[in-house]
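Engineer: Before we start, here is the structure in question, set down as structure tokens.
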Amino acid sequence: MNKNQNIGGFVMEQRGGLATDEYLKRQDTDSQVYRDNDNLYWLNTAKLESQSIYLIVKRCFDFIASLLALILLLPLFLIIAIIIKVDDPKGPVFYSQIRLGKNQQKFRMYKFRSMIVDADQKLKLLLDKNEVDGPMFKMKEDPRITKIGEFIRKTSIDELPQLWNVLHGDMSLVGPRPPLAREVEEYTDYDLQRLLVQPGCTGLWQVSGRNDVGFNEMVDLDIKYIRSRSVKTDLKIILDTVKIMVHPNGAY
């Protein structure tokens with residue numbers, strides 16, 4: 001027998017046995033499915049968009065915090081830029097890449113360059129050495145990483161230029177990490193739920209182990225964040241991220 005419960009505006013439909021493809025289909029234009037073992041959680045996108053007060057506070061905080069951070073961190077940006085050029089004079093300081101944000105909208109995301117110039121071209125030669133499950137590529141001893149790149153990736157300093165993306169409105173400080181288009185091509189309907197909200201610089205995945213967390217667990221953590229996101233939750237994740245930048249956990 002099926003049992004339905006309404007939990008905080010989310011409908012949980014519990015069924016015996018494994019969920020079938022039929023159950024995973026979207027039931028209406030405002031809902032997406034969230035699966036946890038044999039339970040189906042339907043995330044109502046209209047309800048997510050109706051969190052107007054939270055979204056306004058979040059955007060105001062993102063704008064002010066990213067602007068202040070860019071100003072305060074300018075000396076660090078200059079130092080990192082000089083070191084990157086000394087380490088690899090032929091390459092640029094910044095690296096940009098097209099990522100997919102909310103509702104799969106494309107935008108250009110920025111980072112400090114931590115790899116050799118032709119890293120993207122050499123990726124296909126390393127795909128068989130991928131160390132994480134799912135449509136992501138992570139390799140602990142990636143030969144494309146430069147000397148300074150190893151340090152700035154471990155401390156997440158390479159991500160700091162994304163403060164510009166936050167200021168511009170492409171990203172938020174907290175949210176699911178924006179994926180590549182080729183990764184999204186391999187997503188299931190379940191995985192696509194992480195693109196229901198604006199992507200972020202950090203999130204539950206980053207403060208829960210980063211590369212020690214597999215793809216499926218990352219998706220689960222992202223959906224968990226979407227279901228429970230609040231100003232308090234965002235502030236806690238930001239504080240935990242700062243701690244991890246000082247004492248790195250599993251970044252590479």
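In the structure tokens, chains take letters A, B, ... by order of appearance, with residues numbered from 1 within each chain and ligands from 1 in the order shown.
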Identify, on the basis of only C-alpha atoms, every residue whose closest approach to range 194-198 of chain A does not exceed 6 Å; exclude the query and any residue fewer than 2 positions from it along the same chain; express the result as a PDB file with N, CA, C and O atoms, in the first residue's frame.

Structural biologist:
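Result file around.pdb:
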ATOM      1  N   LYS A 102      21.523  27.843 -13.010  1.00  0.00           N
ATOM      2  CA  LYS A 102      20.118  27.540 -12.752  1.00  0.00           C
ATOM      3  C   LYS A 102      19.374  27.300 -14.060  1.00  0.00           C
ATOM      4  O   LYS A 102      19.512  28.061 -15.012  1.00  0.00           O
ATOM      5  N   ASN A 103      18.613  26.211 -14.100  1.00  0.00           N
ATOM      6  CA  ASN A 103      17.843  25.836 -15.292  1.00  0.00           C
ATOM      7  C   ASN A 103      18.730  25.675 -16.524  1.00  0.00           C
ATOM      8  O   ASN A 103      18.308  25.953 -17.649  1.00  0.00           O
ATOM      9  N   MET A 171      26.272  33.527  -9.964  1.00  0.00           N
ATOM     10  CA  MET A 171      26.376  32.537  -8.910  1.00  0.00           C
ATOM     11  C   MET A 171      25.995  33.153  -7.569  1.00  0.00           C
ATOM     12  O   MET A 171      25.848  34.373  -7.456  1.00  0.00           O
ATOM     13  N   LEU A 192      19.441  16.159 -12.270  1.00  0.00           N
ATOM     14  CA  LEU A 192      19.122  17.483 -12.792  1.00  0.00           C
ATOM     15  C   LEU A 192      18.499  18.402 -11.748  1.00  0.00           C
ATOM     16  O   LEU A 192      18.491  19.617 -11.926  1.00  0.00           O
ATOM     17  N   ASP A 222      23.461  18.140  -2.365  1.00  0.00           N
ATOM     18  CA  ASP A 222      22.919  19.336  -3.018  1.00  0.00           C
ATOM     19  C   ASP A 222      21.402  19.411  -2.854  1.00  0.00           C
ATOM     20  O   ASP A 222      20.843  20.471  -2.564  1.00  0.00           O
TER      21      ASP A 222
END

Engineer: Just the residues within 12 Å of Lys236 in chain A, please, counting only C-alpha atoms, with nothing from its chain fewer than 2 positions along; format it as a list in words.

Structural biologist: Leu173, Val174, Thr202, Gly203, Leu204, Val207, Tyr225, Arg229, Ser230, Val231, Lys232, Thr233, Asp234, Ile238, Leu239, Asp240, Thr241, Val242 and Lys243 of chain A

Engineer: Nearest to Glu159 in chain A among A:Gly214, A:Gly91, A:Gly134, A:Gly200, with distances taken over only C-alpha atoms: which residue is it?

Structural biologist: A:Gly200

Engineer: When you look at Leu125 in chain A with a cut-off of 12 Å (counting only C-alpha atoms), what residues show up, excluding the ones that are within fewer than 4 positions of it in the same chain? I need them as a list in words.

Structural biologist: Ala119, Asp120, Gln121, Lys129, Asn130, Phe137, Asp142, Pro143 and Arg144 of chain A

Engineer: Mind checking which residues fall within 9 Å of Pro161 in chain A, counting only C-alpha atoms, ignoring those fewer than 5 positions away in the same chain, and posting them as a ChimeraX atom specification?

Structural biologist: /A:70,77,94,109-112

Engineer: Using only C-alpha atoms, find the one residue out of A:Asp118, A:Phe215, A:Ser52, A:Ala69 that sits nearest to Glu186 in chain A.

Structural biologist: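 Ranking A:Asp118, A:Phe215, A:Ser52, A:Ala69 by distance to Glu186 in chain A, first place goes to A:Phe215.
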